[in-house]
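> Before we start, here is the structure in question, set down as structure tokens.
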Amino acid sequence: MSAKARIQYLRDVLNHHNYLYYVLDSPQISDIDFDQLMLELVTLENNNPSYNDPLSPTKRVGGSVISTFQSVKHKYPMLSLDNTYTETDLNKFDQKIKKLLNKNILNYSCELKYDGVAVSVVYQNGKLFQAITRGDGVFGDDVTENIKTIKSIPLKLFGDYPDLLEIRGEIFIAKKEFENINFNRLKKKEKLTKTYNSQIDLIENLDEKNKIQKKYFAEIKKLEPYSNPRNFASGSLKLLDSSKVARRNLDCIFYAIYSNKLPFNNHAKNLKKAKDWGFQIPKKLIVVDDIKHVLNFIHETESSRDKLPFEIDGIVIKVNNLNDQKILGNTAKSPRWAISFKFKAYQSYTVLEDVKYQIGRTGSITPVACFQPVSVAGSIIKRASLHNESFIKKLDLKIGDRVLIEKGGDVIPKVVAVDKSQRNLLFQSVQFITHCPSCKSKLVKPINEANHYCLNINHCLPQKINQVEHFIARDAMNISSLGTKTIKLLFENSIIDGISDLYQLKIDSFSNLRGFGIESNSFKKAENIINAIEKSKSQTFEKVLFGIGIRYVGKTVAKKLVHSFGSIDNLLSASKARLLEVDEIGEKIADSLILLILNLLNLSNNKLKIFFTKHKVIILRVFLITIDFLQNLLSKYNEDHVKCQVLLTFIVDLISSK
């Protein structure tokens with residue numbers, strides 16, 4: 001047999017055994033035999049590079065390293081499911097669907113709702129072509145190289161598959177795998193601590209001792225256990241080095257198929273057919289003709305949920321007939337033909353030890369509860385948001401209280417109740433702060449809002465740091481080489497004072513910073529940051545608009561502004577009435593824009609000119625066409641007429657000077 005023929009034979013055999021092991025759960029050879037076949041293939045491929053195939057089983061170990069993920073538009077939008085938590089709501093869903101279809105009997109498919117991260121995988125002529133994350137449902141990140149490393153995702157399909165196929169799935173990690181990873185991290189921490197303790201006592205030089213101690217704490221921090229399986233899976237999929245993804249033993253279950261040539265007009269039958277093509281599908285998949293049977297399946301699954309080898313947080317119910325699905329269609333965010341029944345969240349009791357306060361990029365103050373560490377659904381919980389002053393008062397919280405914690409959606413921890421029977425006279429009530437914990441400015445609570453705000457936007461360091469962090473994020477300007485620690489150092493050393501100063505940085509700006517000196521040999525690190533900042537100047541306008549961090553202007557609103565007007569010039573000349581015609585653009589957003597400028601008045605005109613001119617941002621012109629909102633501000637925020645006139649003059653001068 002020629003080398004070429006042997007290579008192809010080994011690839012086919014390994015793909016087949018991979019399918020038997022991961023999809024059919026019926027291995028026919030031992031792990032040792034599999035590894036020997038793989039080793040032979042690796043050797044042959046290394047000796048015959050002309051026969052290279054990017055979809056060879058040997059590529060599952062990863063190795064490609066990328067600088068960033070490319071944004072890709074989904075052919076079919078990845079919508080979110082509506083959720084329900086009660087039998088009453090599920091019965092209403094059933095009645096509504098039957099009424100819309102004018103049918104008395106419907107078949108529903110019922111599937112486990114795996115707790116992971118959604119992905120869409122495209123196959124062309126039976127070969128893996130592209131894998132895209134959900135993103136915002138319209139655009140997602142291309143994670144093809146990372147997906148190749150997940151062994152339960154086929155690189156090549158079997159049988160009579162469609163020429164073009166898109167299949168949706170959930171990336172997750174099994175409970176046992178997740179526990180093993182955290183256990184191994186714990187063992188490494190213990191070993192590292194033992195080594196550190198044996199070394200530190202023998203060192204007399206104080207500088208050397210501090211150096212070793214600093215290195216020890218840095219390494220220990222890297223070995224903290226992962227919080228929960230979902231975040232672990234999501235974070236793994238975003239790693240830039242695919243070889244690291246390969247070592248994390250992720251898994252994937254597929255639950256929806258899209259193609260112009262599907263074999264059946266039936267969701268469940270198509271899914272079962274996909275198993276023949278090589279895909280792993282939900283292990284529990286039933287079709288019923290009555291909502292009562294759906295509820296029975298829900299109750300049976302919830303009662304045995306803890307025994308499953310993976311995390312689930314509910315059941316997905318779908319209208320099984322594809323023609324019925326097309327008739328029902330979708331809303332802007334969700335399909336009308338499907339719904340998710342979410343299980344009751346896991347709960348545990350712990351003790352409230354303290355309340356701290358976080359400052360957001362908009363100045364919003366968020367109280368955070370600090371607990372005695374407690375395990376909830378496999379995660380160690382130490383903190384949870386208390387949202388605002390009203391939430392604290394509603395619970396009547398006191399330091400020392402025994403509080404009930406649950407994981408909302410089995411991910412986000414929250415305080416749901418207080419066991420007041422455990423209180424004593426020494427417990428102190430939680431009093432919401434009156435001044436910013438950082439800059440000490442008096443907090444303000446706007447009318448009709450739940451949150452308190454620090455309005456000292458120009459001199460409150462946490463706000464300024466958070467603004468820059470938001471600006472450089474991947475969904476905004478994507479300056480990935482600039483991390484939080486470096487941003488803090490730049491502010492603390494007065495090298496930057498805001499977003500605009502990023503574009504004045506030079507390599508020399510970092511020379512005296514901790515970790516950037518000659519001794520640390522980090523010239524390349526500084527160079528990477530400067531290059532990333534320079535590259536960010538080519539980002540799309542919608543990313544700039546989102547990155548600025550205007551309150552209420554998220555990714556969706558920024559995209560809708562750009563999509564609606566087509567060009568910057570059209571947006572610049574748009575009237576207020578035209579702006580308000582755009583979906584999701586309303587009074588609150590316009591108010592937010594004006595408040596932003598009011599807070600920026602203390603900045604120098606020159607800095608604003610530099611920043612807004614560099615990115616062709618249209619915010620100033622938007623402010624100009626919404627000047628009439630200033631009258632509303634007079635009553636809402638007690639601004640005087642003189643300040644409003646100053647603002648008007650300031651905007652006009654700034655625009656005319658461009």
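We label chains A, B, ... in the order they appear in the structure tokens, count residues from 1 in each chain, and number ligands from 1 in the order shown.
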Which residues are near Gln428 of chain A? Cut-off 8 Å, only C-alpha atoms, ignore same chain within fewer than 5 positions. Put them as a PyMOL selection string.
chain A and resi 398-400
> Please list as a list in words every residue within 8 Å of Phe297 of chain A, counting only C-alpha atoms and excluding residues in the same chain fewer than 4 positions away.
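The contact residues come out as Cys110, His293 and Thr301 of chain A.
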> Quick one: of A:Ile412, A:Lys221, A:Ser564, A:Phe178, who's nearest to Pro309 of chain A, counting only C-alpha atoms?
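Of the candidates, the smallest distance to Pro309 of chain A is held by A:Phe178.
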> So that each row is one residue of segment 109-161 of chain A with an atom at most 8 Å from segment 275-286 of chain A, can you give its shortest atom pair and the distance in Å to one decimal, using only C-alpha atoms, rows by chain and rising number, as a tab-separated table?

```
residue	atom	partner	partner_atom	distance
A:Ser109	CA	A:Ile286	CA	5.7
A:Cys110	CA	A:Ile286	CA	5.4
A:Glu111	CA	A:Leu285	CA	5.0
A:Leu112	CA	A:Lys284	CA	6.5
A:Ser152	CA	A:Gln280	CA	6.7
A:Ile153	CA	A:Phe279	CA	6.6
A:Pro154	CA	A:Gly278	CA	6.0
A:Leu157	CA	A:Trp277	CA	5.2
A:Phe158	CA	A:Trp277	CA	4.6
A:Gly159	CA	A:Trp277	CA	5.8
A:Asp160	CA	A:Trp277	CA	7.4
A:Tyr161	CA	A:Trp277	CA	6.4
```
> Taking only C-alpha atoms into account, which of A:Asn184, A:Asn228, A:Asn48, A:Asn320 comes nearest Val376 of chain A?
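For Val376 of chain A, the nearest of the given residues is A:Asn228.
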> Counting only C-alpha atoms, what is within 12 Å of Lys485 of chain A, bar same-chain residues fewer than 2 positions away, as a ChimeraX atom specification?
/A:465-466,468-469,481-483,487-492,513-516
> Keeping only N, CA and C atoms, take the residues you just selected and write them out as a PDB file, in the first residue's frame.

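The file below, result19.pdb, is the result:
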```
ATOM      1  N   ILE A 465     -11.161  54.081  34.532  1.00  0.00           N
ATOM      2  CA  ILE A 465     -10.554  52.789  34.186  1.00  0.00           C
ATOM      3  C   ILE A 465     -11.571  51.898  33.483  1.00  0.00           C
ATOM      4  N   ASN A 466     -12.791  51.838  34.013  1.00  0.00           N
ATOM      5  CA  ASN A 466     -13.839  51.004  33.416  1.00  0.00           C
ATOM      6  C   ASN A 466     -14.224  51.494  32.024  1.00  0.00           C
ATOM      7  N   VAL A 468     -12.196  52.950  29.864  1.00  0.00           N
ATOM      8  CA  VAL A 468     -11.141  52.511  28.956  1.00  0.00           C
ATOM      9  C   VAL A 468     -11.245  51.008  28.704  1.00  0.00           C
ATOM     10  N   GLU A 469     -11.535  50.232  29.760  1.00  0.00           N
ATOM     11  CA  GLU A 469     -11.688  48.784  29.597  1.00  0.00           C
ATOM     12  C   GLU A 469     -12.817  48.463  28.622  1.00  0.00           C
ATOM     13  N   SER A 481      -4.253  43.546  23.496  1.00  0.00           N
ATOM     14  CA  SER A 481      -2.949  43.462  24.161  1.00  0.00           C
ATOM     15  C   SER A 481      -2.840  44.401  25.363  1.00  0.00           C
ATOM     16  N   LEU A 482      -3.810  45.275  25.537  1.00  0.00           N
ATOM     17  CA  LEU A 482      -3.800  46.215  26.664  1.00  0.00           C
ATOM     18  C   LEU A 482      -4.709  45.677  27.768  1.00  0.00           C
ATOM     19  N   GLY A 483      -4.109  45.219  28.867  1.00  0.00           N
ATOM     20  CA  GLY A 483      -4.878  44.599  29.945  1.00  0.00           C
ATOM     21  C   GLY A 483      -5.244  45.554  31.057  1.00  0.00           C
ATOM     22  N   ILE A 487      -3.692  49.266  32.259  1.00  0.00           N
ATOM     23  CA  ILE A 487      -4.547  50.465  32.255  1.00  0.00           C
ATOM     24  C   ILE A 487      -4.454  51.179  33.598  1.00  0.00           C
ATOM     25  N   LYS A 488      -4.515  50.417  34.678  1.00  0.00           N
ATOM     26  CA  LYS A 488      -4.421  51.015  36.023  1.00  0.00           C
ATOM     27  C   LYS A 488      -3.077  51.706  36.217  1.00  0.00           C
ATOM     28  N   LEU A 489      -2.005  51.055  35.745  1.00  0.00           N
ATOM     29  CA  LEU A 489      -0.670  51.653  35.869  1.00  0.00           C
ATOM     30  C   LEU A 489      -0.576  52.958  35.082  1.00  0.00           C
ATOM     31  N   LEU A 490      -1.179  52.980  33.901  1.00  0.00           N
ATOM     32  CA  LEU A 490      -1.144  54.192  33.077  1.00  0.00           C
ATOM     33  C   LEU A 490      -1.869  55.351  33.763  1.00  0.00           C
ATOM     34  N   PHE A 491      -2.974  55.043  34.421  1.00  0.00           N
ATOM     35  CA  PHE A 491      -3.706  56.087  35.155  1.00  0.00           C
ATOM     36  C   PHE A 491      -2.948  56.505  36.407  1.00  0.00           C
ATOM     37  N   GLU A 492      -2.477  55.532  37.163  1.00  0.00           N
ATOM     38  CA  GLU A 492      -1.800  55.828  38.431  1.00  0.00           C
ATOM     39  C   GLU A 492      -0.527  56.647  38.234  1.00  0.00           C
ATOM     40  N   LEU A 513       7.129  51.963  33.718  1.00  0.00           N
ATOM     41  CA  LEU A 513       6.049  51.234  34.388  1.00  0.00           C
ATOM     42  C   LEU A 513       6.536  49.886  34.906  1.00  0.00           C
ATOM     43  N   ARG A 514       5.963  49.442  36.007  1.00  0.00           N
ATOM     44  CA  ARG A 514       6.295  48.137  36.579  1.00  0.00           C
ATOM     45  C   ARG A 514       5.991  47.030  35.563  1.00  0.00           C
ATOM     46  N   GLY A 515       6.998  46.223  35.257  1.00  0.00           N
ATOM     47  CA  GLY A 515       6.810  45.147  34.294  1.00  0.00           C
ATOM     48  C   GLY A 515       7.169  45.528  32.875  1.00  0.00           C
ATOM     49  N   PHE A 516       7.548  46.805  32.650  1.00  0.00           N
ATOM     50  CA  PHE A 516       7.892  47.258  31.302  1.00  0.00           C
ATOM     51  C   PHE A 516       9.328  47.781  31.207  1.00  0.00           C
TER      52      PHE A 516
END
```
> With distances taken over only C-alpha atoms, which of A:Tyr196, A:Lys238, A:Ser80, A:Ile29 is nearest to Ile220 of chain A?
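Going through A:Tyr196, A:Lys238, A:Ser80, A:Ile29 one by one, the smallest distance to Ile220 of chain A is for A:Tyr196.
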> If you count only C-alpha atoms, which residues fall within 10 Å of Gly360 of chain A, apart from same-chain ones fewer than 5 positions away, as a list in words?
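Non-adjacent residues within range: Ile365, Thr366, Tyr453, Cys454, Pro462, Gln463, Lys464, Ile465, Asn466 and Gln467 of chain A.
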> Go through segment 72-180 of chain A residue by residue and, counting only C-alpha atoms, keep those with an atom at most 9 Å from segment 243-249 of chain A; for each kept residue give the shortest atom pair and its distance in Å to one decimal, ordered by chain and increasing number, as JSON lines.

```
{"residue": "A:Asn146", "atom": "CA", "partner": "A:Val245", "partner_atom": "CA", "distance": 6.2}
{"residue": "A:Ile147", "atom": "CA", "partner": "A:Val245", "partner_atom": "CA", "distance": 8.5}
{"residue": "A:Lys148", "atom": "CA", "partner": "A:Ala246", "partner_atom": "CA", "distance": 8.6}
{"residue": "A:Thr149", "atom": "CA", "partner": "A:Ala246", "partner_atom": "CA", "distance": 4.9}
{"residue": "A:Ile150", "atom": "CA", "partner": "A:Ala246", "partner_atom": "CA", "distance": 6.7}
{"residue": "A:Lys151", "atom": "CA", "partner": "A:Asn249", "partner_atom": "CA", "distance": 8.2}
{"residue": "A:Ile173", "atom": "CA", "partner": "A:Asn249", "partner_atom": "CA", "distance": 7.0}
{"residue": "A:Ala174", "atom": "CA", "partner": "A:Asn249", "partner_atom": "CA", "distance": 8.6}
{"residue": "A:Glu177", "atom": "CA", "partner": "A:Asn249", "partner_atom": "CA", "distance": 7.3}
{"residue": "A:Phe178", "atom": "CA", "partner": "A:Arg248", "partner_atom": "CA", "distance": 8.9}
```
> Report, in Å with one decimal, the straight-line distance from atom CA of Cys370 of chain A to atom CA of Arg383 of chain A.
4.7 Å
> May I have the residues within 12 Å of Lys560 of chain A as a PyMOL selection string, using only C-alpha atoms and disregarding those fewer than 5 positions away in the same chain?
chain A and resi 541-543+545-546+553-555+565-567+571+579-585
> Between atom CA of Leu425 of chain A and atom CA of Ser348 of chain A, what is the distance in Å, rounded to a tenth?
24.4 Å
> Using only C-alpha atoms, determine which residues lie at most 12 Å from Leu186 of chain A, disregarding the query and same-chain residues fewer than 2 positions distant; provide the list as a list in words.
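Close residues of Leu186 of chain A: Glu179, Asn180, Ile181, Asn182, Phe183, Asn184, Lys188, Lys189, Glu190, Lys191, Leu192, Thr193, Ile220, Lys221, Lys222, Leu223, Glu224, Pro225 and Tyr226 of chain A.
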> So which one's closest to Ser379 of chain A, A:Ile405, A:Met78, A:Leu165, A:Val121? Using only C-alpha atoms, please.
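Smallest separation from Ser379 of chain A among the options: A:Ile405.
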> Using only C-alpha atoms, find the one residue out of A:Lys333, A:Tyr255, A:His470, A:Ile171 that sits nearest to Asn231 of chain A.
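Going through A:Lys333, A:Tyr255, A:His470, A:Ile171 one by one, the smallest distance to Asn231 of chain A is for A:Ile171.
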> Write out as a list in words the residues lying within 10 Å of Val13 of chain A, counting only C-alpha atoms and excluding same-chain residues fewer than 6 positions away.
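Answer for this query is Ile7, Tyr19, Phe34, Leu37, Met38 and Pro57 of chain A.
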> Looking only at the backbone, which of the residues in segment 284-531 of chain A does DSSP tag as strand (DSSP E), as a VMD selection string?
chain A and resid 285 to 288 312 to 319 338 to 342 347 to 359 364 to 376 379 to 385 398 to 399 402 to 408 412 to 419 428 to 429 452 to 453
